[in-house]
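Participant: Before anything else, here's the structure in question.
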Amino acid sequence: MSLEQAKQVAAYRAVDEYVQNNSIFGVGSGSTVVYAVQRLAERIELEKLNVICIPTSFQAKQLIIKHKLILGELETNPEIDVTIDGADEVDSNLTLIKGGGGCLLQEKIVASCSKKLIVIADYTKDSKKLGDRYKKGIPIEVIPMAYVPIKNKIISMFGGEIKLRSAVAKAGPVVTDNGNFILDWIFPYQDLDWEKVNNAIKMIPGVVETGLFVKMCSKAYFGQPDGTVVESP
Ligand SMILES: O=C(CO)[C@H](O)[C@H](O)COP(=O)(O)O
């Protein structure tokens with residue numbers, strides 16, 4: 001079974017278990033979420049469900065529109081029943097690294113408004129300790145004018161290495177859906193208190209949000225190479 005199929009089985013399982021009629025649903029971002037929205041659209045059509053979808057990015061909004069689902073916003077629906085989203089790495093405490101796709105700010109806002117955040121991923125994202133699997137670092141969304149001082153401050157506080165994320169089909173940095181830059185912090189591989197690290201980074205002026213999701217995720221589904229799905233916890 002391919003990695004894509006592993007993503008799909010995890011996504012289908014989560015949507016089947018968590019999406020209910022007359023609910024508000026947060027739509028995460030990334031390649032795994034594409035399968036979740038596919039399944040959601042199938043269920044809505046078959047079961048005639050009433051589900052309002054709140055996007056976490058431009059990509060998520062496009063998916064909602066493409067599948068002709070009901071598009072909502074936090075202004076009118078500030079309380080979300082469940083959000084299903086991908087992750088770059090999930091440790092044994094369900095602490096997440098997110099933002100590999102650059103959408104961490106809106107993902108965290110929507111997750112913070114959700115009664116439940118459910119993660120869907122393939123088996124390569126399932127780790128014991130952050131840094132075991134995802135080697136690109138923790139994404140940090142920053143105000144462009146402040147990226148150099150922020151980079152220096154994080155390195156002097158915690159060490160490691162920081163790269164300004166570069167765009168692929170454009171010269172220069174990635175600019176997020178919110179007009180900001182992304183720093184990828186390759187942190188020293190050691191036992192860190194992620195809640196403290198997250199709070200300390202967030203206190204630096206110019207930091208908008210980090211891709212560290214601590215105590216936010218209720219459950220993770222990992223699609224396996226044999227087509228089964230492993231749940232955590
Ligand atoms: O945090 C994210 C985007 O900001 C994604 O959820 C994360 O990068 C996982 O993406 P994929 O499902 O493509 O592996």
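Scheme for the structure tokens: letters A, B, ... for chains in order shown; per-chain residue numbers from 1; ligand numbers from 1 in order shown.
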How would you report the residues lying within 6 Å of ligand 1, as a count of residues only, if you count only C-alpha atoms and all ligand atoms?
Facilitator: 15
Participant: Which residues, written as a list in words, have at least one atom at most 6 Å from segment 222-227 of chain A, with only C-alpha atoms counted and residues fewer than 2 positions away on the same chain left out?
Facilitator: Met1, Ala6, Lys7, Val9, Ala10, Ala121, Asp122, Tyr123, Val229 and Val230 of chain A
Participant: Output the selection as a PDB file, in the first residue's frame - C-alpha atoms for each residue.
Facilitator:
```
ATOM      1  CA  MET A   1       0.000   0.000   0.000  1.00  0.00           C
ATOM      2  CA  ALA A   6      -2.157   5.198   4.097  1.00  0.00           C
ATOM      3  CA  LYS A   7      -3.210   8.862   4.279  1.00  0.00           C
ATOM      4  CA  VAL A   9      -7.488   5.237   5.190  1.00  0.00           C
ATOM      5  CA  ALA A  10      -6.643   7.475   8.161  1.00  0.00           C
ATOM      6  CA  ALA A 121      -1.519  11.086   8.993  1.00  0.00           C
ATOM      7  CA  ASP A 122       0.399   8.236   7.450  1.00  0.00           C
ATOM      8  CA  TYR A 123       2.612   6.020   9.612  1.00  0.00           C
ATOM      9  CA  VAL A 229      -5.326   2.372  10.956  1.00  0.00           C
ATOM     10  CA  VAL A 230      -3.562   2.804  14.302  1.00  0.00           C
TER      11      VAL A 230
END
```
Participant: Which residue gives the smallest distance to Ala146 of chain A among A:Tyr134, A:Val207, A:Ala200, A:Arg165, with only C-alpha atoms counted?
Facilitator: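 Closest candidate: A:Val207.
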Participant: If you count only C-alpha atoms, which residues fall within 12 Å of Gly211 of chain A, apart from same-chain ones fewer than 6 positions away, as a tab-separated table (two decimals) with N, CA and C atoms, in the first residue's frame?
Facilitator:
```
chain	number	residue	atom	x	y	z
A	87	ALA	N	-0.60	16.55	10.16
A	87	ALA	CA	0.51	16.99	11.01
A	87	ALA	C	1.81	16.51	10.37
A	88	ASP	N	2.90	17.18	10.72
A	88	ASP	CA	4.20	16.77	10.20
A	88	ASP	C	4.85	15.73	11.11
A	89	GLU	N	4.54	15.81	12.40
A	89	GLU	CA	5.02	14.81	13.35
A	89	GLU	C	4.11	14.84	14.58
A	90	VAL	N	3.90	13.65	15.16
A	90	VAL	CA	3.04	13.53	16.35
A	90	VAL	C	3.82	12.69	17.36
A	95	THR	N	1.79	15.76	21.15
A	95	THR	CA	2.31	17.09	20.81
A	95	THR	C	2.63	17.04	19.32
A	96	LEU	N	2.26	18.11	18.62
A	96	LEU	CA	2.39	18.09	17.17
A	96	LEU	C	3.40	19.12	16.66
A	97	ILE	N	4.06	18.77	15.56
A	97	ILE	CA	4.70	19.79	14.73
A	97	ILE	C	3.78	19.96	13.53
A	98	LYS	N	3.39	21.21	13.28
A	98	LYS	CA	2.57	21.52	12.13
A	98	LYS	C	3.16	22.73	11.40
A	99	GLY	N	2.71	22.91	10.16
A	99	GLY	CA	3.17	24.08	9.42
A	99	GLY	C	4.12	23.74	8.29
A	100	GLY	N	4.31	22.43	8.05
A	100	GLY	CA	5.13	22.04	6.91
A	100	GLY	C	4.58	22.63	5.62
A	101	GLY	N	3.26	22.79	5.59
A	101	GLY	CA	2.61	23.39	4.41
A	101	GLY	C	2.40	24.89	4.58
A	102	GLY	N	2.89	25.44	5.69
A	102	GLY	CA	2.87	26.89	5.88
A	102	GLY	C	1.56	27.48	6.40
A	103	CYS	N	0.66	26.63	6.88
A	103	CYS	CA	-0.68	27.14	7.26
A	103	CYS	C	-0.90	27.13	8.77
A	104	LEU	N	0.19	27.10	9.54
A	104	LEU	CA	0.07	26.88	10.98
A	104	LEU	C	-0.75	27.91	11.74
A	105	LEU	N	-0.73	29.17	11.32
A	105	LEU	CA	-1.43	30.20	12.09
A	105	LEU	C	-2.94	29.97	12.08
A	106	GLN	N	-3.51	29.86	10.90
A	106	GLN	CA	-4.97	29.66	10.85
A	106	GLN	C	-5.34	28.27	11.37
A	107	GLU	N	-4.44	27.30	11.18
A	107	GLU	CA	-4.70	25.96	11.73
A	107	GLU	C	-4.80	26.02	13.26
A	108	LYS	N	-3.89	26.80	13.86
A	108	LYS	CA	-3.92	26.85	15.34
A	108	LYS	C	-5.12	27.65	15.83
A	109	ILE	N	-5.47	28.69	15.13
A	109	ILE	CA	-6.65	29.47	15.54
A	109	ILE	C	-7.89	28.59	15.49
A	136	LYS	N	12.80	18.72	9.23
A	136	LYS	CA	12.86	20.07	8.64
A	136	LYS	C	12.71	21.17	9.67
A	137	GLY	N	12.45	20.81	10.91
A	137	GLY	CA	12.38	21.81	11.98
A	137	GLY	C	10.97	22.28	12.29
A	138	ILE	N	10.87	23.07	13.35
A	138	ILE	CA	9.57	23.59	13.78
A	138	ILE	C	9.30	24.91	13.04
A	139	PRO	N	8.20	24.96	12.29
A	139	PRO	CA	7.87	26.19	11.58
A	139	PRO	C	7.40	27.28	12.55
A	140	ILE	N	7.86	28.49	12.30
A	140	ILE	CA	7.47	29.63	13.14
A	140	ILE	C	7.09	30.77	12.19
A	141	GLU	N	5.86	31.23	12.32
A	141	GLU	CA	5.40	32.32	11.43
A	141	GLU	C	5.77	33.65	12.07
A	142	VAL	N	6.42	34.51	11.29
A	142	VAL	CA	6.94	35.78	11.85
A	142	VAL	C	6.59	36.96	10.94
A	182	ILE	N	8.11	32.47	7.13
A	182	ILE	CA	8.23	31.28	7.99
A	182	ILE	C	9.69	30.96	8.24
A	183	LEU	N	10.03	30.81	9.53
A	183	LEU	CA	11.35	30.33	9.92
A	183	LEU	C	11.21	28.86	10.28
A	184	ASP	N	12.13	28.02	9.83
A	184	ASP	CA	12.12	26.61	10.23
A	184	ASP	C	13.28	26.41	11.21
A	185	TRP	N	12.90	26.08	12.43
A	185	TRP	CA	13.89	25.94	13.51
A	185	TRP	C	14.26	24.47	13.70
A	194	TRP	N	7.98	21.20	25.78
A	194	TRP	CA	7.48	21.91	24.59
A	194	TRP	C	6.52	23.04	24.93
A	195	GLU	N	5.83	22.91	26.05
A	195	GLU	CA	4.91	23.99	26.44
A	195	GLU	C	5.74	25.24	26.78
A	197	VAL	N	8.83	25.90	25.80
A	197	VAL	CA	9.50	26.37	24.59
A	197	VAL	C	8.53	27.20	23.75
A	198	ASN	N	7.33	26.67	23.59
A	198	ASN	CA	6.32	27.37	22.80
A	198	ASN	C	6.01	28.75	23.40
A	199	ASN	N	5.81	28.77	24.71
A	199	ASN	CA	5.49	30.05	25.37
A	199	ASN	C	6.64	31.04	25.23
A	201	ILE	N	8.97	31.22	22.90
A	201	ILE	CA	9.11	31.72	21.52
A	201	ILE	C	7.99	32.71	21.21
A	202	LYS	N	6.79	32.40	21.70
A	202	LYS	CA	5.66	33.29	21.42
A	202	LYS	C	5.81	34.67	22.06
```
Participant: Given the choices A:Ile118, A:Lys170, A:Gln38, A:Phe25, which gets closest to Tyr12 of chain A if the distance is worked out from only C-alpha atoms?
Facilitator: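 Smallest separation from Tyr12 of chain A among the options: A:Gln38.
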Participant: Closest to Gly206 of chain A among A:Lys135, A:Lys115, A:Lys153, A:Lys129, using only C-alpha atoms?
Facilitator: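 With only C-alpha atoms as the atom set, the closest residue is A:Lys153.
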